[in-house]
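Structure, as structure tokens:
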Amino acid sequence: MSERSGIPVSTLSKVENDRLTLTYDKLAQLSHRLQIPISELFAETESVEAVTARRSIGKLEDAIRVTTPNYDYYYLCTELRRKRMIPILTRIRAKSLSEFGELVSHSGEEYIHVLEGTIVVHSEFYDPVTLKAGEAIYIDSKMGHAYVAAEDCDEALVLGVCSSDDDALMNSLMQMHEPLPGHSDFAADEGPARVRSLRRPAA
């Protein structure tokens with residue numbers, strides 16, 4: 001297929017494993033070289049899922065609020081069960097990793113959009129990155145991560161959307177607010193940050 005289409009094997013592999021989408025130019029190239037209509041590349045091969053017509057209005061007064069020394073969490077649209085996305089408004093007051101504690105990891109992916117203030121994103125495999133209001137980050141949630149307010153910012157407000165195939169993601173996220181037995185804060189200069197993994201709660 002690579003030889004016939006002129007598209008590298010590595011690219012085709014990523015497309016095949018749903019990790020990459022071809023640009024229009026590549027789709028046109030594929031259509032031309034394989035001598036098939038480009039519409040064939042978009043043909044439905046699976047049955048369409050039934051419309052559930054689920055809907056939820058995310059009002060702050062209806063949110064589940066969880067307050068901790070470093071954060072105020074507002075879990076939105078909580079009346080919907082088995083959601084694939086968990087929307088959370090978070091007011092961040094922690095200003096260092098020593099305040100935050102261990103990095104957190106859990107199943108799925110997440111998107112964080114800064115609404116007010118400035119935050120610093122710490123993660124297991126990348127250098128810290130600073131994000132201002134209007135900027136955002138999308139990460140693999142299985143990677144240890146932490147969000148703290150920047151030094152020149154008293155607190156910040158972010159909208160986070162966590163997504164996972166795990167039906168118990170909501171319960172896993174709620175475990176973040178429970179202190180670990182024997183947990184103590186650590187200083188950021190005392191070696192690499194530790195990672196706390198959030199797993200599916202026991203039935």
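Within each chain, counting starts at residue 1; across the structure tokens, chains are named A, B, ... in the order shown, with ligands numbered 1 upward in that order.
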Next on the checklist: Taking 5 positions as the minimum chain separation for residues in the same chain, which residues sit within 12 Å of range 85-88 of chain A when counting only C-alpha atoms? Answer as a ChimeraX atom specification.
Outcome noted: /A:56-60,63-66,71-80,107-113,157-174
Item to check | Contact residues around range 29-43 of chain A with only C-alpha atoms at 10 Å, ignoring same-chain residues under 6 positions, as a ChimeraX atom specification | outcome: /A:1-7,22-23
Since we have the selection now, will you write its residues out, keeping C-alpha atoms, as a short mmCIF file (atom, residue, chain, number, x, y, z; two decimals), in the first residue's frame?
```
data_model
loop_
_atom_site.label_atom_id
_atom_site.label_comp_id
_atom_site.auth_asym_id
_atom_site.auth_seq_id
_atom_site.Cartn_x
_atom_site.Cartn_y
_atom_site.Cartn_z
CA MET A 1 0.00 0.00 0.00
CA SER A 2 2.86 2.37 0.79
CA GLU A 3 4.45 1.75 -2.59
CA ARG A 4 1.18 2.19 -4.46
CA SER A 5 0.08 5.31 -2.60
CA GLY A 6 3.44 7.02 -2.12
CA ILE A 7 2.64 7.49 1.60
CA LEU A 22 -4.63 12.26 6.54
CA THR A 23 -4.72 15.79 5.15
#
```
Next on the checklist: Give me, as a ChimeraX atom specification, the residues of range 18-124 of chain A that a backbone DSSP run labels alpha helix (DSSP H).
Outcome noted: /A:24-34,97-100
Item to check | Shell of 7 Å around Thr130 in chain A, only C-alpha atoms, local chain residues under 4 positions omitted, as a PyMOL selection string | outcome: chain A and resi 119-121
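Taking CA of Ala156 in chain A and CA of Pro128 in chain A as the two end points, the separation is 16.5 Å.
Secondary structure by DSSP on the backbone puts the following residues of range 119-160 of chain A in strand (DSSP E): A:Ile119, A:Val120, A:Val121, A:His122, A:Ser123, A:Val129, A:Thr130, A:Leu131, A:Lys132, A:Ala136, A:Ile137, A:Tyr138, A:Ile139, A:Asp140, A:His145, A:Ala146, A:Tyr147, A:Val148, A:Ala149, A:Ala156, A:Leu157, A:Val158, A:Leu159, A:Gly160.
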Item to check | Surrounding residues of Ala133 in chain A excluding itself and chain neighbours under 6 positions, 7 Å, only C-alpha atoms, as number ranges by chain | outcome: A: 114-118
Range 94-96 of chain A environment, 12 Å, only C-alpha atoms, sequence neighbours closer than 6 positions dropped, as a PDB file with all heavy atoms, in the first residue's frame:
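The resulting out_6.pdb:
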```pdb
ATOM      1  N   THR A  68     -10.773  22.118  48.996  1.00  0.00           N
ATOM      2  CA  THR A  68      -9.561  21.637  49.644  1.00  0.00           C
ATOM      3  C   THR A  68      -8.698  22.855  49.977  1.00  0.00           C
ATOM      4  O   THR A  68      -8.991  23.965  49.518  1.00  0.00           O
ATOM      5  CB  THR A  68      -8.780  20.676  48.728  1.00  0.00           C
ATOM      6  OG1 THR A  68      -8.163  21.440  47.675  1.00  0.00           O
ATOM      7  CG2 THR A  68      -9.700  19.614  48.123  1.00  0.00           C
ATOM      8  N   PRO A  69      -7.656  22.695  50.765  1.00  0.00           N
ATOM      9  CA  PRO A  69      -6.801  23.849  51.089  1.00  0.00           C
ATOM     10  C   PRO A  69      -6.225  24.546  49.858  1.00  0.00           C
ATOM     11  O   PRO A  69      -5.969  25.745  49.886  1.00  0.00           O
ATOM     12  CB  PRO A  69      -5.681  23.227  51.943  1.00  0.00           C
ATOM     13  CG  PRO A  69      -6.312  22.025  52.564  1.00  0.00           C
ATOM     14  CD  PRO A  69      -7.249  21.494  51.525  1.00  0.00           C
ATOM     15  N   ASN A  70      -6.021  23.818  48.774  1.00  0.00           N
ATOM     16  CA  ASN A  70      -5.373  24.385  47.592  1.00  0.00           C
ATOM     17  C   ASN A  70      -6.310  24.659  46.431  1.00  0.00           C
ATOM     18  O   ASN A  70      -5.961  25.407  45.522  1.00  0.00           O
ATOM     19  CB  ASN A  70      -4.267  23.444  47.114  1.00  0.00           C
ATOM     20  CG  ASN A  70      -3.186  23.255  48.169  1.00  0.00           C
ATOM     21  OD1 ASN A  70      -2.806  24.192  48.848  1.00  0.00           O
ATOM     22  ND2 ASN A  70      -2.711  22.029  48.306  1.00  0.00           N
ATOM     23  N   TYR A  71      -7.512  24.045  46.450  1.00  0.00           N
ATOM     24  CA  TYR A  71      -8.387  24.122  45.281  1.00  0.00           C
ATOM     25  C   TYR A  71      -9.854  24.183  45.685  1.00  0.00           C
ATOM     26  O   TYR A  71     -10.244  23.692  46.741  1.00  0.00           O
ATOM     27  CB  TYR A  71      -8.222  22.892  44.377  1.00  0.00           C
ATOM     28  CG  TYR A  71      -6.814  22.669  43.910  1.00  0.00           C
ATOM     29  CD1 TYR A  71      -5.966  21.830  44.609  1.00  0.00           C
ATOM     30  CD2 TYR A  71      -6.327  23.315  42.772  1.00  0.00           C
ATOM     31  CE1 TYR A  71      -4.659  21.627  44.198  1.00  0.00           C
ATOM     32  CE2 TYR A  71      -5.033  23.117  42.349  1.00  0.00           C
ATOM     33  CZ  TYR A  71      -4.198  22.271  43.067  1.00  0.00           C
ATOM     34  OH  TYR A  71      -2.913  22.085  42.654  1.00  0.00           O
ATOM     35  N   ASP A  72     -10.650  24.769  44.797  1.00  0.00           N
ATOM     36  CA  ASP A  72     -12.105  24.619  44.831  1.00  0.00           C
ATOM     37  C   ASP A  72     -12.495  23.954  43.523  1.00  0.00           C
ATOM     38  O   ASP A  72     -12.222  24.502  42.445  1.00  0.00           O
ATOM     39  CB  ASP A  72     -12.814  25.971  44.955  1.00  0.00           C
ATOM     40  CG  ASP A  72     -12.654  26.589  46.328  1.00  0.00           C
ATOM     41  OD1 ASP A  72     -12.454  25.832  47.290  1.00  0.00           O
ATOM     42  OD2 ASP A  72     -12.721  27.828  46.433  1.00  0.00           O
ATOM     43  N   GLU A 102       2.118  15.083  45.663  1.00  0.00           N
ATOM     44  CA  GLU A 102       2.539  14.214  44.574  1.00  0.00           C
ATOM     45  C   GLU A 102       1.778  14.518  43.284  1.00  0.00           C
ATOM     46  O   GLU A 102       0.617  14.898  43.310  1.00  0.00           O
ATOM     47  CB  GLU A 102       2.309  12.751  44.969  1.00  0.00           C
ATOM     48  CG  GLU A 102       3.120  12.311  46.174  1.00  0.00           C
ATOM     49  CD  GLU A 102       2.784  10.898  46.609  1.00  0.00           C
ATOM     50  OE1 GLU A 102       1.984  10.241  45.897  1.00  0.00           O
ATOM     51  OE2 GLU A 102       3.298  10.455  47.632  1.00  0.00           O
ATOM     52  N   LEU A 103       2.478  14.357  42.162  1.00  0.00           N
ATOM     53  CA  LEU A 103       1.799  14.460  40.877  1.00  0.00           C
ATOM     54  C   LEU A 103       0.684  13.423  40.812  1.00  0.00           C
ATOM     55  O   LEU A 103       0.766  12.373  41.451  1.00  0.00           O
ATOM     56  CB  LEU A 103       2.791  14.224  39.739  1.00  0.00           C
ATOM     57  CG  LEU A 103       3.992  15.173  39.635  1.00  0.00           C
ATOM     58  CD1 LEU A 103       4.839  14.790  38.429  1.00  0.00           C
ATOM     59  CD2 LEU A 103       3.564  16.617  39.553  1.00  0.00           C
ATOM     60  N   THR A 118      -2.934  32.965  35.728  1.00  0.00           N
ATOM     61  CA  THR A 118      -1.842  32.261  35.054  1.00  0.00           C
ATOM     62  C   THR A 118      -1.499  31.012  35.844  1.00  0.00           C
ATOM     63  O   THR A 118      -1.458  31.042  37.073  1.00  0.00           O
ATOM     64  CB  THR A 118      -0.590  33.160  34.957  1.00  0.00           C
ATOM     65  OG1 THR A 118      -0.938  34.382  34.300  1.00  0.00           O
ATOM     66  CG2 THR A 118       0.520  32.480  34.171  1.00  0.00           C
ATOM     67  N   ILE A 119      -1.264  29.892  35.150  1.00  0.00           N
ATOM     68  CA  ILE A 119      -0.924  28.648  35.832  1.00  0.00           C
ATOM     69  C   ILE A 119       0.407  28.103  35.303  1.00  0.00           C
ATOM     70  O   ILE A 119       0.857  28.470  34.219  1.00  0.00           O
ATOM     71  CB  ILE A 119      -2.018  27.567  35.663  1.00  0.00           C
ATOM     72  CG1 ILE A 119      -2.098  27.089  34.200  1.00  0.00           C
ATOM     73  CG2 ILE A 119      -3.365  28.071  36.144  1.00  0.00           C
ATOM     74  CD1 ILE A 119      -2.984  25.859  34.008  1.00  0.00           C
ATOM     75  N   VAL A 120       0.996  27.239  36.097  1.00  0.00           N
ATOM     76  CA  VAL A 120       2.181  26.496  35.680  1.00  0.00           C
ATOM     77  C   VAL A 120       1.808  25.024  35.671  1.00  0.00           C
ATOM     78  O   VAL A 120       1.297  24.502  36.670  1.00  0.00           O
ATOM     79  CB  VAL A 120       3.370  26.736  36.619  1.00  0.00           C
ATOM     80  CG1 VAL A 120       4.582  25.921  36.164  1.00  0.00           C
ATOM     81  CG2 VAL A 120       3.727  28.219  36.668  1.00  0.00           C
ATOM     82  N   VAL A 121       2.025  24.370  34.547  1.00  0.00           N
ATOM     83  CA  VAL A 121       1.696  22.948  34.404  1.00  0.00           C
ATOM     84  C   VAL A 121       2.971  22.131  34.594  1.00  0.00           C
ATOM     85  O   VAL A 121       3.934  22.279  33.833  1.00  0.00           O
ATOM     86  CB  VAL A 121       1.078  22.653  33.025  1.00  0.00           C
ATOM     87  CG1 VAL A 121       0.725  21.168  32.908  1.00  0.00           C
ATOM     88  CG2 VAL A 121      -0.142  23.524  32.792  1.00  0.00           C
ATOM     89  N   HIS A 122       2.979  21.287  35.620  1.00  0.00           N
ATOM     90  CA  HIS A 122       4.087  20.368  35.855  1.00  0.00           C
ATOM     91  C   HIS A 122       3.669  18.989  35.365  1.00  0.00           C
ATOM     92  O   HIS A 122       2.530  18.567  35.562  1.00  0.00           O
ATOM     93  CB  HIS A 122       4.416  20.293  37.352  1.00  0.00           C
ATOM     94  CG  HIS A 122       4.902  21.579  37.931  1.00  0.00           C
ATOM     95  ND1 HIS A 122       6.236  21.928  37.969  1.00  0.00           N
ATOM     96  CD2 HIS A 122       4.221  22.621  38.487  1.00  0.00           C
ATOM     97  CE1 HIS A 122       6.368  23.118  38.536  1.00  0.00           C
ATOM     98  NE2 HIS A 122       5.154  23.568  38.858  1.00  0.00           N
ATOM     99  N   PRO A 128       8.238  22.267  33.090  1.00  0.00           N
ATOM    100  CA  PRO A 128       7.040  23.061  33.404  1.00  0.00           C
ATOM    101  C   PRO A 128       6.734  24.062  32.305  1.00  0.00           C
ATOM    102  O   PRO A 128       7.634  24.612  31.667  1.00  0.00           O
ATOM    103  CB  PRO A 128       7.425  23.768  34.717  1.00  0.00           C
ATOM    104  CG  PRO A 128       8.481  22.908  35.317  1.00  0.00           C
ATOM    105  CD  PRO A 128       9.256  22.344  34.155  1.00  0.00           C
ATOM    106  N   ALA A 146       0.409  18.116  37.434  1.00  0.00           N
ATOM    107  CA  ALA A 146      -0.085  19.005  38.484  1.00  0.00           C
ATOM    108  C   ALA A 146      -0.225  20.402  37.908  1.00  0.00           C
ATOM    109  O   ALA A 146       0.573  20.819  37.064  1.00  0.00           O
ATOM    110  CB  ALA A 146       0.873  19.017  39.671  1.00  0.00           C
ATOM    111  N   TYR A 147      -1.256  21.123  38.368  1.00  0.00           N
ATOM    112  CA  TYR A 147      -1.478  22.499  37.952  1.00  0.00           C
ATOM    113  C   TYR A 147      -1.380  23.394  39.179  1.00  0.00           C
ATOM    114  O   TYR A 147      -2.060  23.150  40.180  1.00  0.00           O
ATOM    115  CB  TYR A 147      -2.861  22.658  37.311  1.00  0.00           C
ATOM    116  CG  TYR A 147      -3.144  21.669  36.214  1.00  0.00           C
ATOM    117  CD1 TYR A 147      -4.050  20.627  36.397  1.00  0.00           C
ATOM    118  CD2 TYR A 147      -2.496  21.761  34.991  1.00  0.00           C
ATOM    119  CE1 TYR A 147      -4.306  19.713  35.395  1.00  0.00           C
ATOM    120  CE2 TYR A 147      -2.751  20.847  33.975  1.00  0.00           C
ATOM    121  CZ  TYR A 147      -3.658  19.827  34.182  1.00  0.00           C
ATOM    122  OH  TYR A 147      -3.907  18.916  33.191  1.00  0.00           O
ATOM    123  N   VAL A 148      -0.546  24.427  39.119  1.00  0.00           N
ATOM    124  CA  VAL A 148      -0.414  25.370  40.231  1.00  0.00           C
ATOM    125  C   VAL A 148      -0.502  26.792  39.694  1.00  0.00           C
ATOM    126  O   VAL A 148      -0.238  27.045  38.516  1.00  0.00           O
ATOM    127  CB  VAL A 148       0.914  25.173  41.003  1.00  0.00           C
ATOM    128  CG1 VAL A 148       1.006  23.763  41.563  1.00  0.00           C
ATOM    129  CG2 VAL A 148       2.113  25.463  40.112  1.00  0.00           C
ATOM    130  N   ALA A 149      -0.891  27.727  40.563  1.00  0.00           N
ATOM    131  CA  ALA A 149      -0.945  29.133  40.173  1.00  0.00           C
ATOM    132  C   ALA A 149       0.470  29.683  40.054  1.00  0.00           C
ATOM    133  O   ALA A 149       1.366  29.302  40.808  1.00  0.00           O
ATOM    134  CB  ALA A 149      -1.748  29.925  41.203  1.00  0.00           C
ATOM    135  N   ALA A 150       0.677  30.566  39.093  1.00  0.00           N
ATOM    136  CA  ALA A 150       1.990  31.183  38.912  1.00  0.00           C
ATOM    137  C   ALA A 150       2.305  32.087  40.099  1.00  0.00           C
ATOM    138  O   ALA A 150       1.410  32.524  40.831  1.00  0.00           O
ATOM    139  CB  ALA A 150       2.016  31.984  37.611  1.00  0.00           C
ATOM    140  N   GLU A 151       3.585  32.390  40.287  1.00  0.00           N
ATOM    141  CA  GLU A 151       4.025  33.159  41.448  1.00  0.00           C
ATOM    142  C   GLU A 151       3.378  34.534  41.518  1.00  0.00           C
ATOM    143  O   GLU A 151       3.103  35.042  42.604  1.00  0.00           O
ATOM    144  CB  GLU A 151       5.549  33.300  41.429  1.00  0.00           C
ATOM    145  CG  GLU A 151       6.293  31.999  41.721  1.00  0.00           C
ATOM    146  CD  GLU A 151       7.789  32.214  41.804  1.00  0.00           C
ATOM    147  OE1 GLU A 151       8.212  33.386  41.682  1.00  0.00           O
ATOM    148  OE2 GLU A 151       8.525  31.226  41.997  1.00  0.00           O
ATOM    149  N   ASP A 152       3.141  35.155  40.366  1.00  0.00           N
ATOM    150  CA  ASP A 152       2.564  36.497  40.357  1.00  0.00           C
ATOM    151  C   ASP A 152       1.041  36.486  40.309  1.00  0.00           C
ATOM    152  O   ASP A 152       0.403  37.499  40.014  1.00  0.00           O
ATOM    153  CB  ASP A 152       3.097  37.287  39.158  1.00  0.00           C
ATOM    154  CG  ASP A 152       2.755  36.617  37.829  1.00  0.00           C
ATOM    155  OD1 ASP A 152       2.311  35.451  37.855  1.00  0.00           O
ATOM    156  OD2 ASP A 152       2.946  37.252  36.771  1.00  0.00           O
ATOM    157  N   CYS A 153       0.443  35.335  40.631  1.00  0.00           N
ATOM    158  CA  CYS A 153      -1.011  35.170  40.541  1.00  0.00           C
ATOM    159  C   CYS A 153      -1.520  34.572  41.850  1.00  0.00           C
ATOM    160  O   CYS A 153      -1.090  33.494  42.257  1.00  0.00           O
ATOM    161  CB  CYS A 153      -1.341  34.264  39.352  1.00  0.00           C
ATOM    162  SG  CYS A 153      -3.083  33.861  39.171  1.00  0.00           S
ATOM    163  N   ASP A 154      -2.430  35.281  42.529  1.00  0.00           N
ATOM    164  CA  ASP A 154      -2.961  34.778  43.801  1.00  0.00           C
ATOM    165  C   ASP A 154      -3.733  33.480  43.603  1.00  0.00           C
ATOM    166  O   ASP A 154      -3.609  32.535  44.381  1.00  0.00           O
ATOM    167  CB  ASP A 154      -3.858  35.827  44.460  1.00  0.00           C
ATOM    168  CG  ASP A 154      -3.068  37.011  44.988  1.00  0.00           C
ATOM    169  OD1 ASP A 154      -1.870  36.822  45.279  1.00  0.00           O
ATOM    170  OD2 ASP A 154      -3.643  38.107  45.085  1.00  0.00           O
ATOM    171  N   GLU A 155      -4.546  33.438  42.565  1.00  0.00           N
ATOM    172  CA  GLU A 155      -5.277  32.218  42.225  1.00  0.00           C
ATOM    173  C   GLU A 155      -5.690  32.273  40.769  1.00  0.00           C
ATOM    174  O   GLU A 155      -5.698  33.339  40.154  1.00  0.00           O
ATOM    175  CB  GLU A 155      -6.496  32.015  43.136  1.00  0.00           C
ATOM    176  CG  GLU A 155      -7.504  33.132  43.104  1.00  0.00           C
ATOM    177  CD  GLU A 155      -8.674  32.884  44.048  1.00  0.00           C
ATOM    178  OE1 GLU A 155      -8.469  32.334  45.146  1.00  0.00           O
ATOM    179  OE2 GLU A 155      -9.798  33.233  43.662  1.00  0.00           O
ATOM    180  N   ALA A 156      -6.014  31.116  40.231  1.00  0.00           N
ATOM    181  CA  ALA A 156      -6.395  31.023  38.815  1.00  0.00           C
ATOM    182  C   ALA A 156      -7.657  30.177  38.687  1.00  0.00           C
ATOM    183  O   ALA A 156      -7.934  29.317  39.533  1.00  0.00           O
ATOM    184  CB  ALA A 156      -5.261  30.414  37.998  1.00  0.00           C
ATOM    185  N   LEU A 157      -8.400  30.418  37.621  1.00  0.00           N
ATOM    186  CA  LEU A 157      -9.605  29.648  37.341  1.00  0.00           C
ATOM    187  C   LEU A 157      -9.429  28.936  36.014  1.00  0.00           C
ATOM    188  O   LEU A 157      -9.088  29.566  35.003  1.00  0.00           O
ATOM    189  CB  LEU A 157     -10.833  30.563  37.283  1.00  0.00           C
ATOM    190  CG  LEU A 157     -12.175  29.881  37.003  1.00  0.00           C
ATOM    191  CD1 LEU A 157     -12.573  28.983  38.169  1.00  0.00           C
ATOM    192  CD2 LEU A 157     -13.262  30.929  36.750  1.00  0.00           C
ATOM    193  N   ASP A 185       4.081  16.534  52.576  1.00  0.00           N
ATOM    194  CA  ASP A 185       4.488  17.352  51.445  1.00  0.00           C
ATOM    195  C   ASP A 185       5.963  17.163  51.164  1.00  0.00           C
ATOM    196  O   ASP A 185       6.734  16.774  52.013  1.00  0.00           O
ATOM    197  CB  ASP A 185       4.221  18.833  51.738  1.00  0.00           C
ATOM    198  CG  ASP A 185       2.727  19.120  51.782  1.00  0.00           C
ATOM    199  OD1 ASP A 185       1.974  18.313  51.212  1.00  0.00           O
ATOM    200  OD2 ASP A 185       2.347  20.125  52.401  1.00  0.00           O
ATOM    201  N   PHE A 186       6.372  17.456  49.939  1.00  0.00           N
ATOM    202  CA  PHE A 186       7.769  17.359  49.579  1.00  0.00           C
ATOM    203  C   PHE A 186       8.198  18.645  48.916  1.00  0.00           C
ATOM    204  O   PHE A 186       7.382  19.386  48.380  1.00  0.00           O
ATOM    205  CB  PHE A 186       8.025  16.165  48.645  1.00  0.00           C
ATOM    206  CG  PHE A 186       7.380  16.326  47.298  1.00  0.00           C
ATOM    207  CD1 PHE A 186       8.070  16.909  46.253  1.00  0.00           C
ATOM    208  CD2 PHE A 186       6.076  15.913  47.080  1.00  0.00           C
ATOM    209  CE1 PHE A 186       7.495  17.064  45.019  1.00  0.00           C
ATOM    210  CE2 PHE A 186       5.495  16.080  45.838  1.00  0.00           C
ATOM    211  CZ  PHE A 186       6.200  16.650  44.814  1.00  0.00           C
ATOM    212  N   ALA A 187       9.471  18.930  48.981  1.00  0.00           N
ATOM    213  CA  ALA A 187       9.994  20.132  48.332  1.00  0.00           C
ATOM    214  C   ALA A 187      10.353  19.806  46.902  1.00  0.00           C
ATOM    215  O   ALA A 187      10.821  18.711  46.589  1.00  0.00           O
ATOM    216  CB  ALA A 187      11.230  20.641  49.080  1.00  0.00           C
ATOM    217  N   ALA A 188      10.145  20.784  46.010  1.00  0.00           N
ATOM    218  CA  ALA A 188      10.368  20.538  44.581  1.00  0.00           C
ATOM    219  C   ALA A 188      11.831  20.259  44.274  1.00  0.00           C
ATOM    220  O   ALA A 188      12.148  19.683  43.244  1.00  0.00           O
ATOM    221  CB  ALA A 188       9.894  21.748  43.775  1.00  0.00           C
ATOM    222  N   ASP A 189      12.759  20.668  45.174  1.00  0.00           N
ATOM    223  CA  ASP A 189      14.174  20.461  44.893  1.00  0.00           C
ATOM    224  C   ASP A 189      14.719  19.197  45.536  1.00  0.00           C
ATOM    225  O   ASP A 189      15.905  18.986  45.597  1.00  0.00           O
ATOM    226  CB  ASP A 189      14.992  21.676  45.353  1.00  0.00           C
ATOM    227  CG  ASP A 189      14.813  21.984  46.841  1.00  0.00           C
ATOM    228  OD1 ASP A 189      14.017  21.267  47.492  1.00  0.00           O
ATOM    229  OD2 ASP A 189      15.459  22.924  47.330  1.00  0.00           O
ATOM    230  N   ALA A 193       9.687  14.498  41.191  1.00  0.00           N
ATOM    231  CA  ALA A 193       8.384  14.442  41.845  1.00  0.00           C
ATOM    232  C   ALA A 193       7.827  13.025  41.793  1.00  0.00           C
ATOM    233  O   ALA A 193       8.019  12.294  40.839  1.00  0.00           O
ATOM    234  CB  ALA A 193       7.426  15.407  41.151  1.00  0.00           C
TER     235      ALA A 193
END
```
Next on the checklist: List as a list in words the protein and nucleic acid residues near Met143 in chain A, meaning an atom at most 8 Å away when only C-alpha atoms are counted, but skip any in the same chain fewer than 2 places from it.
Outcome noted: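 Once the adjacent positions are removed, what remains is Val104, Ser105, His106, Ser123, Glu124, Phe125, Ile139, Asp140, Ser141 and His145 of chain A.
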